[in-house]
Amino acid sequence: MTAMTGSSAQAGVDREFWLIVSEVFGDTKPTFQGEGPSTGVPALFIRLAQCNLTCSWCDTKYTWDWKRYDIAKETHRRSVEELIAWALAYDVELVVISGGEPLLQQRALVRLVRGLREGGKRVEFETNGTVLPDSSLLVDGVHFNVSPKLANSGVAEAKRIVPAALEAFASSGRAVFKFVTRSVAELDEIQQLVDDYGLAPVYVMPEGTTPEGLIETTRVLADAVAARRWHFTQRLHVLAFAEARGR
Ligand SMILES: Nc1nc2[nH]cc(C(=O)O)c2c(=O)[nH]1
Ligand code: SF4
Ligand SMILES: [Mg+2]
């Protein structure tokens, strides 16, 4: 026995080699990256459980809302090795790591990303931009779709806006900033964040979990987004597959 035994040392090892996963998809029912600059690119998805925010309109509450969902049913402990082997079994270059908030499990992600890169994969993270990224994740072949949350999320500003994290992503050269938006008025709120933290490039994405809702909000937003010379992104998986989980 050494001083490195006991539950906290064990937890440290766990955090390096294991991930708490919500679901993986894109294998048996192939899909595309549905959002952001790689929209339409074939992709595998690893969705991690747990989030540090509680957005009212969150479409993946089954990753964190244990009042509504059963944590025992919705979460699975998977080894980093197992996840790498799963991804490498498919001839799909892009692996999207989403959540929940994936960067809450950053120590194991460093190993996961290394294995995926060594296997020839490209990696995109979907993150809420509140967790400072480890420098070993800011490497060739790894990109971040950073989605800072607006007041429409219902989350307190001090929780959803973490200046040091936003600045780190902005200066990384590996991030785009994607804003879930409902109204033209919210574009001023986005502009303020863009100015305060030097965020670029900006992608505006309509909030919605139905094709009808997305189209309606797209019509509301498109002119004003184009006028600011910002990017616009749809949610292709919602248009293509509706609300089907795991697509
Ligand atoms: N096809 C597809 N693309 C996505 N891009 C980001 C997603 C997410 O849930 O973070 C997502 C998703 O759930 N499905
Ligand atoms: S940050 Fe993302 S996963 Fe977390 S509650 Fe908000 S929308 Fe859901
Ligand atoms: Mg989604």
# chains A, B, ... in the order shown; residues from 1 in each chain; ligands from 1

call {"tool": "closest_atom_pairs", "arguments": {"of": "chain A", "to": "ligand 3", "cutoff": "10 Å", "atoms": "only C-alpha atoms and all ligand atoms", "output": "Markdown table"}}
result
| residue | atom | partner | partner_atom_place_in_ligand_line | distance |
| --- | --- | --- | --- | --- |
| A:Gln33 | CA | ligand 3 | 1 (Mg) | 9.9 |
| A:Gly34 | CA | ligand 3 | 1 (Mg) | 8.3 |
| A:Glu35 | CA | ligand 3 | 1 (Mg) | 8.7 |
| A:Arg47 | CA | ligand 3 | 1 (Mg) | 9.1 |
| A:Cys58 | CA | ligand 3 | 1 (Mg) | 8.7 |
| A:Asp59 | CA | ligand 3 | 1 (Mg) | 6.2 |
| A:Thr60 | CA | ligand 3 | 1 (Mg) | 6.5 |
| A:Ser98 | CA | ligand 3 | 1 (Mg) | 8.1 |
| A:Gly99 | CA | ligand 3 | 1 (Mg) | 8.2 |
| A:Gly100 | CA | ligand 3 | 1 (Mg) | 9.5 |
| A:Glu126 | CA | ligand 3 | 1 (Mg) | 9.3 |
| A:Thr209 | CA | ligand 3 | 1 (Mg) | 8.9 |
| A:Arg235 | CA | ligand 3 | 1 (Mg) | 8.5 |
| A:His237 | CA | ligand 3 | 1 (Mg) | 8.3 |
| A:Val238 | CA | ligand 3 | 1 (Mg) | 8.6 |
| A:Glu243 | CA | ligand 3 | 1 (Mg) | 9.3 |
| A:Arg245 | CA | ligand 3 | 1 (Mg) | 8.4 |
| A:Gly246 | CA | ligand 3 | 1 (Mg) | 8.8 |
| A:Arg247 | CA | ligand 3 | 1 (Mg) | 8.5 |

call {"tool": "write_last_selection", "arguments": {"atoms": "N, CA and C atoms", "output": "PDB file, in the first residue's frame"}}
result
ATOM      1  N   GLN A  33     -22.849  15.781 -39.070  1.00  0.00           N
ATOM      2  CA  GLN A  33     -22.772  16.910 -38.156  1.00  0.00           C
ATOM      3  C   GLN A  33     -23.889  17.857 -38.581  1.00  0.00           C
ATOM      4  N   GLY A  34     -24.802  18.142 -37.662  1.00  0.00           N
ATOM      5  CA  GLY A  34     -25.986  18.905 -38.030  1.00  0.00           C
ATOM      6  C   GLY A  34     -25.868  20.403 -37.859  1.00  0.00           C
ATOM      7  N   GLU A  35     -24.812  20.855 -37.166  1.00  0.00           N
ATOM      8  CA  GLU A  35     -24.718  22.267 -36.800  1.00  0.00           C
ATOM      9  C   GLU A  35     -23.318  22.804 -37.086  1.00  0.00           C
ATOM     10  N   ARG A  47     -21.810  11.483 -26.902  1.00  0.00           N
ATOM     11  CA  ARG A  47     -22.491  12.471 -26.057  1.00  0.00           C
ATOM     12  C   ARG A  47     -22.227  12.121 -24.598  1.00  0.00           C
ATOM     13  N   CYS A  58     -32.985  23.439 -23.123  1.00  0.00           N
ATOM     14  CA  CYS A  58     -32.028  22.359 -23.421  1.00  0.00           C
ATOM     15  C   CYS A  58     -32.736  21.168 -24.070  1.00  0.00           C
ATOM     16  N   ASP A  59     -32.176  20.682 -25.183  1.00  0.00           N
ATOM     17  CA  ASP A  59     -32.789  19.546 -25.884  1.00  0.00           C
ATOM     18  C   ASP A  59     -32.149  18.218 -25.480  1.00  0.00           C
ATOM     19  N   THR A  60     -31.236  18.267 -24.501  1.00  0.00           N
ATOM     20  CA  THR A  60     -30.597  17.020 -24.043  1.00  0.00           C
ATOM     21  C   THR A  60     -30.645  16.945 -22.508  1.00  0.00           C
ATOM     22  N   SER A  98     -20.027  15.797 -27.712  1.00  0.00           N
ATOM     23  CA  SER A  98     -21.005  16.758 -27.213  1.00  0.00           C
ATOM     24  C   SER A  98     -21.464  16.344 -25.824  1.00  0.00           C
ATOM     25  N   GLY A  99     -22.570  16.941 -25.400  1.00  0.00           N
ATOM     26  CA  GLY A  99     -23.085  16.603 -24.067  1.00  0.00           C
ATOM     27  C   GLY A  99     -24.525  17.040 -23.973  1.00  0.00           C
ATOM     28  N   GLY A 100     -24.947  17.469 -22.774  1.00  0.00           N
ATOM     29  CA  GLY A 100     -24.209  17.899 -21.613  1.00  0.00           C
ATOM     30  C   GLY A 100     -23.035  18.822 -21.945  1.00  0.00           C
ATOM     31  N   GLU A 126     -18.609  20.163 -28.982  1.00  0.00           N
ATOM     32  CA  GLU A 126     -19.736  21.071 -28.782  1.00  0.00           C
ATOM     33  C   GLU A 126     -19.694  21.447 -27.307  1.00  0.00           C
ATOM     34  N   THR A 209     -36.718  22.543 -31.911  1.00  0.00           N
ATOM     35  CA  THR A 209     -36.568  21.091 -32.006  1.00  0.00           C
ATOM     36  C   THR A 209     -37.545  20.486 -33.009  1.00  0.00           C
ATOM     37  N   ARG A 235     -30.033  23.511 -38.156  1.00  0.00           N
ATOM     38  CA  ARG A 235     -29.841  22.285 -37.379  1.00  0.00           C
ATOM     39  C   ARG A 235     -30.308  21.155 -38.300  1.00  0.00           C
ATOM     40  N   HIS A 237     -29.878  18.005 -38.591  1.00  0.00           N
ATOM     41  CA  HIS A 237     -30.416  16.736 -38.065  1.00  0.00           C
ATOM     42  C   HIS A 237     -31.876  16.875 -37.656  1.00  0.00           C
ATOM     43  N   VAL A 238     -32.265  18.087 -37.216  1.00  0.00           N
ATOM     44  CA  VAL A 238     -33.671  18.289 -36.855  1.00  0.00           C
ATOM     45  C   VAL A 238     -34.524  18.355 -38.131  1.00  0.00           C
ATOM     46  N   GLU A 243     -37.205  14.966 -34.314  1.00  0.00           N
ATOM     47  CA  GLU A 243     -36.700  14.959 -32.944  1.00  0.00           C
ATOM     48  C   GLU A 243     -36.032  13.655 -32.536  1.00  0.00           C
ATOM     49  N   ARG A 245     -33.959  11.006 -31.199  1.00  0.00           N
ATOM     50  CA  ARG A 245     -32.745  10.988 -30.386  1.00  0.00           C
ATOM     51  C   ARG A 245     -31.751  10.044 -31.044  1.00  0.00           C
ATOM     52  N   GLY A 246     -30.479  10.381 -30.979  1.00  0.00           N
ATOM     53  CA  GLY A 246     -29.457   9.515 -31.560  1.00  0.00           C
ATOM     54  C   GLY A 246     -29.285   9.711 -33.057  1.00  0.00           C
ATOM     55  N   ARG A 247     -29.560  10.928 -33.559  1.00  0.00           N
ATOM     56  CA  ARG A 247     -29.314  11.274 -34.974  1.00  0.00           C
ATOM     57  C   ARG A 247     -28.663  12.632 -35.085  1.00  0.00           C
TER      58      ARG A 247
END

call {"tool": "select_by_dssp", "arguments": {"residues": "segment 26-233 of chain A", "states": "strand (DSSP E or B)", "output": "count of residues only"}}
result
43

call {"tool": "closest_atom_pairs", "arguments": {"of": "chain A", "to": "ligand 2", "cutoff": "8 Å", "atoms": "only C-alpha atoms and all ligand atoms", "output": "JSON lines"}}
result
{"residue": "A:Gln50", "atom": "CA", "partner": "ligand 2", "partner_atom_place_in_ligand_line": "4 (Fe)", "distance": 7.8}
{"residue": "A:Cys51", "atom": "CA", "partner": "ligand 2", "partner_atom_place_in_ligand_line": "4 (Fe)", "distance": 4.8}
{"residue": "A:Asn52", "atom": "CA", "partner": "ligand 2", "partner_atom_place_in_ligand_line": "4 (Fe)", "distance": 6.3}
{"residue": "A:Leu53", "atom": "CA", "partner": "ligand 2", "partner_atom_place_in_ligand_line": "5 (S)", "distance": 4.7}
{"residue": "A:Thr54", "atom": "CA", "partner": "ligand 2", "partner_atom_place_in_ligand_line": "5 (S)", "distance": 4.0}
{"residue": "A:Cys55", "atom": "CA", "partner": "ligand 2", "partner_atom_place_in_ligand_line": "6 (Fe)", "distance": 4.1}
{"residue": "A:Ser56", "atom": "CA", "partner": "ligand 2", "partner_atom_place_in_ligand_line": "5 (S)", "distance": 7.3}
{"residue": "A:Trp57", "atom": "CA", "partner": "ligand 2", "partner_atom_place_in_ligand_line": "7 (S)", "distance": 6.8}
{"residue": "A:Cys58", "atom": "CA", "partner": "ligand 2", "partner_atom_place_in_ligand_line": "8 (Fe)", "distance": 4.0}
{"residue": "A:Asp59", "atom": "CA", "partner": "ligand 2", "partner_atom_place_in_ligand_line": "8 (Fe)", "distance": 6.3}
{"residue": "A:Thr60", "atom": "CA", "partner": "ligand 2", "partner_atom_place_in_ligand_line": "8 (Fe)", "distance": 5.6}
{"residue": "A:Lys61", "atom": "CA", "partner": "ligand 2", "partner_atom_place_in_ligand_line": "8 (Fe)", "distance": 6.1}
{"residue": "A:Thr63", "atom": "CA", "partner": "ligand 2", "partner_atom_place_in_ligand_line": "3 (S)", "distance": 7.2}
{"residue": "A:Trp64", "atom": "CA", "partner": "ligand 2", "partner_atom_place_in_ligand_line": "5 (S)", "distance": 7.5}
{"residue": "A:Gly99", "atom": "CA", "partner": "ligand 2", "partner_atom_place_in_ligand_line": "3 (S)", "distance": 5.5}
{"residue": "A:Gly100", "atom": "CA", "partner": "ligand 2", "partner_atom_place_in_ligand_line": "3 (S)", "distance": 3.6}
{"residue": "A:Glu101", "atom": "CA", "partner": "ligand 2", "partner_atom_place_in_ligand_line": "3 (S)", "distance": 5.6}
{"residue": "A:Thr127", "atom": "CA", "partner": "ligand 2", "partner_atom_place_in_ligand_line": "2 (Fe)", "distance": 7.2}
{"residue": "A:Asn128", "atom": "CA", "partner": "ligand 2", "partner_atom_place_in_ligand_line": "1 (S)", "distance": 5.0}
{"residue": "A:Ser147", "atom": "CA", "partner": "ligand 2", "partner_atom_place_in_ligand_line": "1 (S)", "distance": 7.9}
{"residue": "A:Lys149", "atom": "CA", "partner": "ligand 2", "partner_atom_place_in_ligand_line": "1 (S)", "distance": 7.1}
{"residue": "A:Ser153", "atom": "CA", "partner": "ligand 2", "partner_atom_place_in_ligand_line": "6 (Fe)", "distance": 7.1}

call {"tool": "select_by_dssp", "arguments": {"residues": "segment 36-161 of chain A", "states": "alpha helix (DSSP H)", "output": "JSON, numbers by chain"}}
result
{"A": [71, 72, 73, 74, 80, 81, 82, 83, 84, 85, 86, 87, 88, 106, 107, 108, 109, 110, 111, 112, 113, 114, 115, 116, 117, 118, 157, 158, 159, 160]}

call {"tool": "residues_around", "arguments": {"residues": "segment 164-174 of chain A", "least_positions_apart": "5", "cutoff": "7 Å", "atoms": "only C-alpha atoms", "output": "VMD selection string"}}
result
chain A and resid 129 to 132 138 143 to 144 197 to 200

call {"tool": "write_last_selection", "arguments": {"atoms": "C-alpha atoms", "output": "CSV table (one decimal), in the first residue's frame"}}
result
chain,number,residue,atom,x,y,z
A,129,GLY,CA,-17.7,27.8,-23.3
A,130,THR,CA,-17.6,27.9,-19.5
A,131,VAL,CA,-14.7,25.5,-19.0
A,132,LEU,CA,-11.1,26.6,-19.7
A,138,LEU,CA,-5.9,22.8,-28.6
A,143,HIS,CA,-12.0,22.2,-33.3
A,144,PHE,CA,-14.5,23.7,-30.9
A,197,TYR,CA,-14.4,38.9,-25.6
A,198,GLY,CA,-13.3,39.2,-29.2
A,199,LEU,CA,-15.4,36.3,-30.4
A,200,ALA,CA,-15.1,35.2,-34.1

call {"tool": "closest_residue", "arguments": {"among": "A:Leu187, A:Trp18, A:Lys178, A:Arg229", "to": "Val202 of chain A", "atoms": "only C-alpha atoms"}}
result
A:Lys178
